[in-house]
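Have a look at run_38.pdb; it's PDB, C-alpha atoms, pLDDT in the B column:
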ATOM      1  CA  MET A  21     113.262  64.718  27.868  1.00 49.00           C
ATOM      2  CA  PRO A  22     114.482  62.137  30.337  1.00 52.00           C
ATOM      3  CA  GLY A  23     116.216  64.723  32.531  1.00 52.00           C
ATOM      4  CA  ASP A  24     112.978  66.674  32.992  1.00 55.00           C
ATOM      5  CA  THR A  25     111.131  63.720  34.524  1.00 54.00           C
ATOM      6  CA  THR A  26     114.043  63.029  36.877  1.00 57.00           C
ATOM      7  CA  ILE A  27     114.084  66.614  38.107  1.00 60.00           C
ATOM      8  CA  SER A  28     110.322  66.593  38.409  1.00 67.00           C
ATOM      9  CA  ALA A  29     110.376  63.318  40.342  1.00 66.00           C
ATOM     10  CA  GLU A  30     113.096  64.644  42.636  1.00 66.00           C
ATOM     11  CA  TRP A  31     111.125  67.837  43.215  1.00 63.00           C
ATOM     12  CA  ARG A  32     107.969  65.864  43.999  1.00 65.00           C
ATOM     13  CA  SER A  33     109.975  63.666  46.336  1.00 72.00           C
ATOM     14  CA  GLY A  34     111.302  66.732  48.161  1.00 70.00           C
ATOM     15  CA  ILE A  35     107.814  68.195  48.538  1.00 70.00           C
ATOM     16  CA  ALA A  36     106.525  64.879  49.843  1.00 73.00           C
ATOM     17  CA  TYR A  37     109.389  64.758  52.349  1.00 74.00           C
ATOM     18  CA  LEU A  38     108.662  68.264  53.597  1.00 69.00           C
ATOM     19  CA  ALA A  39     104.950  67.530  53.834  1.00 71.00           C
ATOM     20  CA  SER A  40     105.611  64.382  55.853  1.00 72.00           C
ATOM     21  CA  ARG A  41     107.987  66.208  58.205  1.00 72.00           C
ATOM     22  CA  PHE A  42     106.135  69.475  58.672  1.00 72.00           C
ATOM     23  CA  GLY A  43     102.594  68.578  57.614  1.00 71.00           C
ATOM     24  CA  PRO A  44     101.342  68.003  61.163  1.00 76.00           C
ATOM     25  CA  ALA A  45     102.566  71.457  62.233  1.00 78.00           C
ATOM     26  CA  GLN A  46     100.944  73.242  59.296  1.00 78.00           C
ATOM     27  CA  PRO A  47      97.587  74.001  60.990  1.00 84.00           C
ATOM     28  CA  VAL A  48      99.364  75.419  64.030  1.00 87.00           C
ATOM     29  CA  VAL A  49     101.763  77.533  61.960  1.00 86.00           C
ATOM     30  CA  THR A  50      99.019  78.949  59.741  1.00 87.00           C
ATOM     31  CA  THR A  51      96.849  79.760  62.751  1.00 92.00           C
ATOM     32  CA  VAL A  52      99.700  81.564  64.520  1.00 92.00           C
ATOM     33  CA  VAL A  53     100.558  83.559  61.379  1.00 92.00           C
ATOM     34  CA  ARG A  54      96.879  84.400  60.736  1.00 94.00           C
ATOM     35  CA  VAL A  55      96.318  85.618  64.302  1.00 96.00           C
ATOM     36  CA  ALA A  56      99.601  87.580  64.331  1.00 96.00           C
ATOM     37  CA  LEU A  57      98.688  89.343  61.077  1.00 95.00           C
ATOM     38  CA  GLY A  58      95.232  90.039  62.482  1.00 96.00           C
ATOM     39  CA  CYS A  59      96.788  91.610  65.577  1.00 96.00           C
ATOM     40  CA  VAL A  60      98.997  93.832  63.409  1.00 95.00           C
ATOM     41  CA  LEU A  61      95.955  94.989  61.439  1.00 95.00           C
ATOM     42  CA  VAL A  62      93.889  95.634  64.582  1.00 95.00           C
ATOM     43  CA  TYR A  63      96.713  97.646  66.133  1.00 94.00           C
ATOM     44  CA  SER A  64      97.325  99.605  62.929  1.00 91.00           C
ATOM     45  CA  GLY A  65      93.631 100.284  62.377  1.00 93.00           C
ATOM     46  CA  TYR A  66      93.082 101.342  65.994  1.00 93.00           C
ATOM     47  CA  ALA A  67      96.133 103.641  65.970  1.00 90.00           C
ATOM     48  CA  LYS A  68      94.767 105.399  62.884  1.00 89.00           C
ATOM     49  CA  LEU A  69      91.189 105.381  64.153  1.00 92.00           C
ATOM     50  CA  ILE A  70      92.054 107.367  67.276  1.00 91.00           C
ATOM     51  CA  ASP A  71      93.672 110.080  65.121  1.00 89.00           C
ATOM     52  CA  LEU A  72      91.650 110.265  61.907  1.00 90.00           C
ATOM     53  CA  PRO A  73      92.952 113.704  60.863  1.00 91.00           C
ATOM     54  CA  ALA A  74      96.494 112.287  60.872  1.00 88.00           C
ATOM     55  CA  SER A  75      95.293 109.357  58.758  1.00 88.00           C
ATOM     56  CA  VAL A  76      93.803 111.761  56.221  1.00 90.00           C
ATOM     57  CA  ARG A  77      97.010 113.834  56.194  1.00 88.00           C
ATOM     58  CA  ALA A  78      99.111 110.688  55.642  1.00 86.00           C
ATOM     59  CA  THR A  79      96.829 109.599  52.797  1.00 88.00           C
ATOM     60  CA  ARG A  80      97.102 113.040  51.213  1.00 88.00           C
ATOM     61  CA  ALA A  81     100.914 113.041  51.562  1.00 86.00           C
ATOM     62  CA  TYR A  82     101.249 110.125  49.134  1.00 87.00           C
ATOM     63  CA  GLN A  83      99.790 112.313  46.366  1.00 88.00           C
ATOM     64  CA  LEU A  84      98.276 109.274  44.637  1.00 89.00           C
ATOM     65  CA  LEU A  85      94.544 109.925  44.963  1.00 90.00           C
ATOM     66  CA  PRO A  86      92.337 112.743  43.743  1.00 93.00           C
ATOM     67  CA  GLU A  87      91.632 115.202  46.557  1.00 93.00           C
ATOM     68  CA  SER A  88      87.971 114.208  46.551  1.00 92.00           C
ATOM     69  CA  LEU A  89      88.898 110.613  47.538  1.00 93.00           C
ATOM     70  CA  VAL A  90      91.504 111.468  50.174  1.00 93.00           C
ATOM     71  CA  PRO A  91      89.050 111.992  53.082  1.00 93.00           C
ATOM     72  CA  LEU A  92      87.100 108.858  52.146  1.00 94.00           C
ATOM     73  CA  VAL A  93      90.207 106.659  52.071  1.00 93.00           C
ATOM     74  CA  GLY A  94      91.882 108.357  55.037  1.00 91.00           C
ATOM     75  CA  ASN A  95      88.793 107.910  57.211  1.00 93.00           C
ATOM     76  CA  GLY A  96      87.735 104.509  55.856  1.00 94.00           C
ATOM     77  CA  LEU A  97      91.085 102.725  55.822  1.00 93.00           C
ATOM     78  CA  PRO A  98      91.425 102.415  59.623  1.00 93.00           C
ATOM     79  CA  MET A  99      88.010 100.762  59.939  1.00 95.00           C
ATOM     80  CA  PHE A 100      88.788  98.467  56.997  1.00 95.00           C
ATOM     81  CA  GLU A 101      92.064  97.387  58.651  1.00 95.00           C
ATOM     82  CA  LEU A 102      90.279  96.863  61.961  1.00 96.00           C
ATOM     83  CA  ILE A 103      87.568  94.711  60.365  1.00 96.00           C
ATOM     84  CA  LEU A 104      90.098  92.609  58.445  1.00 97.00           C
ATOM     85  CA  GLY A 105      92.142  92.115  61.614  1.00 97.00           C
ATOM     86  CA  VAL A 106      89.128  91.004  63.649  1.00 97.00           C
ATOM     87  CA  LEU A 107      88.071  88.585  60.900  1.00 97.00           C
ATOM     88  CA  LEU A 108      91.553  87.060  60.764  1.00 96.00           C
ATOM     89  CA  ILE A 109      91.819  86.737  64.541  1.00 96.00           C
ATOM     90  CA  ALA A 110      88.343  85.212  64.819  1.00 96.00           C
ATOM     91  CA  GLY A 111      88.912  82.883  61.878  1.00 93.00           C
ATOM     92  CA  LEU A 112      85.798  84.141  60.090  1.00 95.00           C
ATOM     93  CA  LEU A 113      85.735  84.511  56.302  1.00 95.00           C
ATOM     94  CA  THR A 114      89.420  83.664  56.498  1.00 92.00           C
ATOM     95  CA  ARG A 115      90.146  83.288  52.794  1.00 93.00           C
ATOM     96  CA  ALA A 116      88.306  86.468  51.856  1.00 95.00           C
ATOM     97  CA  ALA A 117      89.955  88.412  54.693  1.00 95.00           C
ATOM     98  CA  ALA A 118      93.376  87.050  53.761  1.00 94.00           C
ATOM     99  CA  GLY A 119      92.843  87.925  50.094  1.00 95.00           C
ATOM    100  CA  LEU A 120      91.732  91.458  50.929  1.00 96.00           C
ATOM    101  CA  THR A 121      94.671  91.802  53.324  1.00 95.00           C
ATOM    102  CA  LEU A 122      97.026  90.742  50.537  1.00 95.00           C
ATOM    103  CA  LEU A 123      95.554  93.385  48.223  1.00 96.00           C
ATOM    104  CA  LEU A 124      95.789  95.993  50.983  1.00 94.00           C
ATOM    105  CA  MET A 125      99.444  95.161  51.657  1.00 93.00           C
ATOM    106  CA  LEU A 126     100.221  95.314  47.928  1.00 95.00           C
ATOM    107  CA  ALA A 127      98.537  98.721  47.725  1.00 91.00           C
ATOM    108  CA  PHE A 128     100.623  99.903  50.683  1.00 88.00           C
ATOM    109  CA  GLU A 129     103.804  98.653  49.022  1.00 90.00           C
ATOM    110  CA  VAL A 130     102.951 100.363  45.743  1.00 91.00           C
ATOM    111  CA  GLY A 131     102.222 103.611  47.591  1.00 88.00           C
ATOM    112  CA  ILE A 132     105.448 103.449  49.578  1.00 86.00           C
ATOM    113  CA  ALA A 133     107.510 102.591  46.476  1.00 88.00           C
ATOM    114  CA  SER A 134     105.867 105.414  44.540  1.00 88.00           C
ATOM    115  CA  ALA A 135     106.552 107.916  47.315  1.00 85.00           C
ATOM    116  CA  TRP A 136     110.136 106.734  47.606  1.00 85.00           C
ATOM    117  CA  ALA A 137     110.676 106.926  43.838  1.00 88.00           C
ATOM    118  CA  ARG A 138     109.328 110.486  43.760  1.00 85.00           C
ATOM    119  CA  GLY A 139     111.476 111.548  46.706  1.00 82.00           C
ATOM    120  CA  LEU A 140     108.550 112.249  49.032  1.00 79.00           C
ATOM    121  CA  ALA A 141     109.208 112.217  52.770  1.00 77.00           C
ATOM    122  CA  ILE A 142     106.131 110.735  54.434  1.00 71.00           C
ATOM    123  CA  LYS A 143     105.629 110.089  58.115  1.00 66.00           C
ATOM    124  CA  ILE A 144     103.964 106.723  58.736  1.00 61.00           C
ATOM    125  CA  GLY A 145     103.254 106.487  62.434  1.00 56.00           C
ATOM    126  CA  ARG A 146     106.678 106.940  63.945  1.00 50.00           C
ATOM    127  CA  ALA A 147     108.600 105.904  60.834  1.00 46.00           C
ATOM    128  CA  HIS A 148     109.518 108.058  57.849  1.00 44.00           C
ATOM    129  CA  VAL A 149     109.439 106.875  54.232  1.00 46.00           C
TER     130      VAL A 149
END
Produce structure tokens that represent the structure in this file.
Amino acid sequence: MPGDTTISAEWRSGIAYLASRFGPAQPVVTTVVRVALGCVLVYSGYAKLIDLPASVRATRAYQLLPESLVPLVGNGLPMFELILGVLLIAGLLTRAAAGLTLLLMLAFEVGIASAWARGLAIKIGRAHV
């Protein structure tokens, strides 16, 4: 249809405009976002690492995992977050670290939504879900 090509051409034109305006800033913006996310993960992992029993209790409170996996996840998650954060900050294995971080954040969101939907009151650090 003629209208489809016009819309498509306009859309491509808009993308080209944005790329020409903001393209030079893209490496700086992505680096800042990557390092900021890495810092959040390092802080979160360290906060859990210094109180592993609380991390295990928080993992158990979600009531999503079999009891046999709760200690493994509760003790392993802080180190996993810490490693992902360091990789993102250092710029090493960036795509893999970013992909794993995305999956981790999605898992967190699913857990929080599940707890909320079931009416569970869970303490996450200083916040309550």
Between atom CA of Thr50 of chain A and atom CA of Ala36 of chain A, measure the distance and give it in Å to one decimal.
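These atoms are spaced 18.8 Å apart.
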Which residues match the PyMOL selection byres ((chain A and resi 95-101) around 12) in the file above, as a ChimeraX atom specification?
/A:57-80,89-94,102-108,117-118,120-125,127-128
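Interatomic distance, atom CA of Ile109 of chain A to atom CA of Thr51 of chain A: 8.8 Å.
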Atom CA of Arg54 of chain A to atom CA of Ala110 of chain A: how many Å, to one decimal?
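Answer for the atom CA of Arg54 of chain A to atom CA of Ala110 of chain A separation: 9.5 Å.
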Which residue is closest to Ala141 of chain A? Choose from A:Glu129, A:Leu113, A:Gly34, A:Ala81 and count only C-alpha atoms.
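Using only C-alpha atoms, the shortest distance to Ala141 of chain A belongs to A:Ala81.
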Reconstruct segment 72-95 of chain A at the level of N, CA, C and O atoms, and format the result as a compact mmCIF listing (two decimals), keeping the file's coordinate frame.
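Saved the output as part_13.txt:
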# COMPACT_ATOMS: atom_id res chain seq x y z
N LEU A 72 92.08 110.25 63.31
CA LEU A 72 91.65 110.26 61.91
C LEU A 72 92.23 111.43 61.09
O LEU A 72 92.58 111.23 59.93
N PRO A 73 92.35 112.63 61.67
CA PRO A 73 92.95 113.70 60.86
C PRO A 73 94.38 113.36 60.41
O PRO A 73 94.77 113.69 59.28
N ALA A 74 95.14 112.69 61.26
CA ALA A 74 96.49 112.29 60.87
C ALA A 74 96.44 111.24 59.76
O ALA A 74 97.29 111.24 58.86
N SER A 75 95.45 110.36 59.81
CA SER A 75 95.29 109.36 58.76
C SER A 75 94.97 110.02 57.42
O SER A 75 95.52 109.63 56.38
N VAL A 76 94.14 111.03 57.45
CA VAL A 76 93.80 111.76 56.22
C VAL A 76 95.03 112.50 55.70
O VAL A 76 95.32 112.49 54.51
N ARG A 77 95.78 113.13 56.61
CA ARG A 77 97.01 113.83 56.19
C ARG A 77 98.01 112.86 55.57
O ARG A 77 98.65 113.18 54.56
N ALA A 78 98.18 111.68 56.17
CA ALA A 78 99.11 110.69 55.64
C ALA A 78 98.66 110.21 54.27
O ALA A 78 99.48 110.05 53.36
N THR A 79 97.36 110.01 54.10
CA THR A 79 96.83 109.60 52.80
C THR A 79 97.08 110.67 51.75
O THR A 79 97.48 110.38 50.63
N ARG A 80 96.88 111.91 52.12
CA ARG A 80 97.10 113.04 51.21
C ARG A 80 98.59 113.15 50.84
O ARG A 80 98.93 113.48 49.69
N ALA A 81 99.47 112.87 51.78
CA ALA A 81 100.91 113.04 51.56
C ALA A 81 101.45 112.14 50.45
O ALA A 81 102.45 112.47 49.81
N TYR A 82 100.79 111.02 50.20
CA TYR A 82 101.25 110.12 49.13
C TYR A 82 101.00 110.69 47.75
O TYR A 82 101.61 110.24 46.77
N GLN A 83 100.09 111.64 47.63
CA GLN A 83 99.79 112.31 46.37
C GLN A 83 99.45 111.31 45.26
O GLN A 83 99.85 111.46 44.11
N LEU A 84 98.68 110.28 45.62
CA LEU A 84 98.28 109.27 44.64
C LEU A 84 96.80 109.35 44.27
O LEU A 84 96.40 108.90 43.20
N LEU A 85 95.99 109.90 45.16
CA LEU A 85 94.54 109.92 44.96
C LEU A 85 94.07 111.33 44.64
O LEU A 85 94.66 112.31 45.09
N PRO A 86 92.95 111.43 43.92
CA PRO A 86 92.34 112.74 43.74
C PRO A 86 91.90 113.29 45.10
O PRO A 86 91.51 112.52 45.99
N GLU A 87 91.96 114.57 45.27
CA GLU A 87 91.63 115.20 46.56
C GLU A 87 90.24 114.82 47.04
O GLU A 87 90.02 114.69 48.25
N SER A 88 89.33 114.58 46.14
CA SER A 88 87.97 114.21 46.55
C SER A 88 87.92 112.83 47.23
O SER A 88 87.02 112.56 48.01
N LEU A 89 88.88 111.95 46.93
CA LEU A 89 88.90 110.61 47.54
C LEU A 89 89.74 110.54 48.81
O LEU A 89 89.61 109.58 49.57
N VAL A 90 90.59 111.51 49.03
CA VAL A 90 91.50 111.47 50.17
C VAL A 90 90.76 111.34 51.50
O VAL A 90 91.09 110.45 52.31
N PRO A 91 89.74 112.16 51.79
CA PRO A 91 89.05 111.99 53.08
C PRO A 91 88.35 110.64 53.21
O PRO A 91 88.35 110.03 54.28
N LEU A 92 87.78 110.15 52.12
CA LEU A 92 87.10 108.86 52.15
C LEU A 92 88.08 107.73 52.49
O LEU A 92 87.83 106.91 53.37
N VAL A 93 89.21 107.70 51.82
CA VAL A 93 90.21 106.66 52.07
C VAL A 93 90.86 106.86 53.43
O VAL A 93 91.03 105.90 54.20
N GLY A 94 91.22 108.09 53.75
CA GLY A 94 91.88 108.36 55.04
C GLY A 94 91.02 108.02 56.24
O GLY A 94 91.51 107.55 57.26
N ASN A 95 89.71 108.24 56.12
CA ASN A 95 88.79 107.91 57.21
C ASN A 95 88.33 106.46 57.17
O ASN A 95 88.03 105.87 58.22
